[in-house]
Amino acid sequence: MTLGVQFRGNVGPNGTGRWFTHSWRQDQRVVWLVVPTGPVQDRTPQIEWKVQVERQTPSLLKYYLEVKNLTPSTVNVEARYAILD
């Protein structure tokens with residue numbers, strides 16, 4: 001398994017951010033996870049996220065990651081991936 005961070009960003013209060021990442025081989029099994037990295041809190045969920053995919057070429061995929069901030073404060077996020085063997 002290969003693990004990594006594709007990008008870091010932030011989403012404004014109660015806002016939604018959308019990013020894409022391209023040129024992933026279609027034969028790879030990629031799992032995405034988006035996690036909040038700040039601010040620290042221990043009350044309620046900070047984000048919701050979803051992944052969508054597009055066939056970019058016959059052999060490449062493009063992933064779209066949409067992150068919704070559930071809080072009244074800006075949230076920093078990190079998009080992590082795992083390529084399964």
# chains A, B, ... in the order shown; residues from 1 in each chain; ligands from 1
call {"tool": "residues_around", "arguments": {"residues": "range 10-23 of chain A", "least_positions_apart": "3", "cutoff": "10 Å", "atoms": "only C-alpha atoms", "output": "MDAnalysis selection string"}}
result
chainID A and resid 6:7 26 36:38 46:57 59:79
call {"tool": "write_last_selection", "arguments": {"atoms": "C-alpha atoms", "output": "PDB file, in the first residue's frame"}}
result
ATOM      1  CA  GLN A   6      -2.244  15.078  -2.306  1.00  0.00           C
ATOM      2  CA  PHE A   7      -3.009  18.605  -1.078  1.00  0.00           C
ATOM      3  CA  GLN A  26      -7.224   3.697 -14.108  1.00  0.00           C
ATOM      4  CA  PRO A  36      -9.546  18.482   9.288  1.00  0.00           C
ATOM      5  CA  THR A  37      -6.133  19.621  10.532  1.00  0.00           C
ATOM      6  CA  GLY A  38      -7.250  22.708  12.445  1.00  0.00           C
ATOM      7  CA  GLN A  46     -16.149  19.740  11.291  1.00  0.00           C
ATOM      8  CA  ILE A  47     -16.456  18.531   7.703  1.00  0.00           C
ATOM      9  CA  GLU A  48     -18.299  16.312   5.262  1.00  0.00           C
ATOM     10  CA  TRP A  49     -16.641  15.262   2.024  1.00  0.00           C
ATOM     11  CA  LYS A  50     -17.344  13.339  -1.142  1.00  0.00           C
ATOM     12  CA  VAL A  51     -15.337  12.042  -4.067  1.00  0.00           C
ATOM     13  CA  GLN A  52     -16.396  12.001  -7.705  1.00  0.00           C
ATOM     14  CA  VAL A  53     -14.456  10.559 -10.633  1.00  0.00           C
ATOM     15  CA  GLU A  54     -14.153  11.224 -14.356  1.00  0.00           C
ATOM     16  CA  ARG A  55     -12.406   9.174 -17.040  1.00  0.00           C
ATOM     17  CA  GLN A  56      -9.843  11.654 -18.322  1.00  0.00           C
ATOM     18  CA  THR A  57      -8.400   9.418 -21.048  1.00  0.00           C
ATOM     19  CA  SER A  59      -6.205   4.931 -19.160  1.00  0.00           C
ATOM     20  CA  LEU A  60      -6.341   7.902 -16.730  1.00  0.00           C
ATOM     21  CA  LEU A  61      -8.800   9.118 -14.095  1.00  0.00           C
ATOM     22  CA  LYS A  62      -9.483  12.533 -12.591  1.00  0.00           C
ATOM     23  CA  TYR A  63     -10.828  12.714  -9.025  1.00  0.00           C
ATOM     24  CA  TYR A  64     -12.887  15.608  -7.667  1.00  0.00           C
ATOM     25  CA  LEU A  65     -12.958  16.130  -3.895  1.00  0.00           C
ATOM     26  CA  GLU A  66     -15.671  18.321  -2.408  1.00  0.00           C
ATOM     27  CA  VAL A  67     -15.417  19.367   1.237  1.00  0.00           C
ATOM     28  CA  LYS A  68     -18.237  21.003   3.178  1.00  0.00           C
ATOM     29  CA  ASN A  69     -17.377  22.946   6.335  1.00  0.00           C
ATOM     30  CA  LEU A  70     -20.003  22.309   9.025  1.00  0.00           C
ATOM     31  CA  THR A  71     -18.717  25.000  11.388  1.00  0.00           C
ATOM     32  CA  PRO A  72     -18.839  28.811  11.638  1.00  0.00           C
ATOM     33  CA  SER A  73     -15.002  28.957  11.505  1.00  0.00           C
ATOM     34  CA  THR A  74     -12.490  28.362   8.721  1.00  0.00           C
ATOM     35  CA  VAL A  75     -11.275  24.737   8.750  1.00  0.00           C
ATOM     36  CA  ASN A  76      -7.924  23.564   7.392  1.00  0.00           C
ATOM     37  CA  VAL A  77      -8.055  20.220   5.602  1.00  0.00           C
ATOM     38  CA  GLU A  78      -5.705  17.623   4.191  1.00  0.00           C
ATOM     39  CA  ALA A  79      -6.577  15.254   1.337  1.00  0.00           C
TER      40      ALA A  79
END
call {"tool": "select_by_dssp", "arguments": {"residues": "range 9-84 of chain A", "states": "strand (DSSP E)", "output": "ChimeraX atom specification"}}
result
/A:9-11,16-25,29-38,47-55,60-69,75-84
call {"tool": "closest_residue", "arguments": {"among": "A:Leu3, A:Ile83, A:Gly9, A:Pro45", "to": "Arg25 in chain A", "atoms": "only C-alpha atoms"}}
result
A:Ile83
call {"tool": "atom_distance", "arguments": {"atom1": "CA of Leu33 in chain A", "atom2": "CA of Arg8 in chain A"}}
result
12.0 Å
call {"tool": "closest_residue", "arguments": {"among": "A:Tyr81, A:Pro39, A:Asp27, A:Pro58", "to": "Gly4 in chain A", "atoms": "only C-alpha atoms"}}
result
A:Tyr81
call {"tool": "atom_distance", "arguments": {"atom1": "CA of Thr44 in chain A", "atom2": "CA of Trp32 in chain A"}}
result
21.7 Å
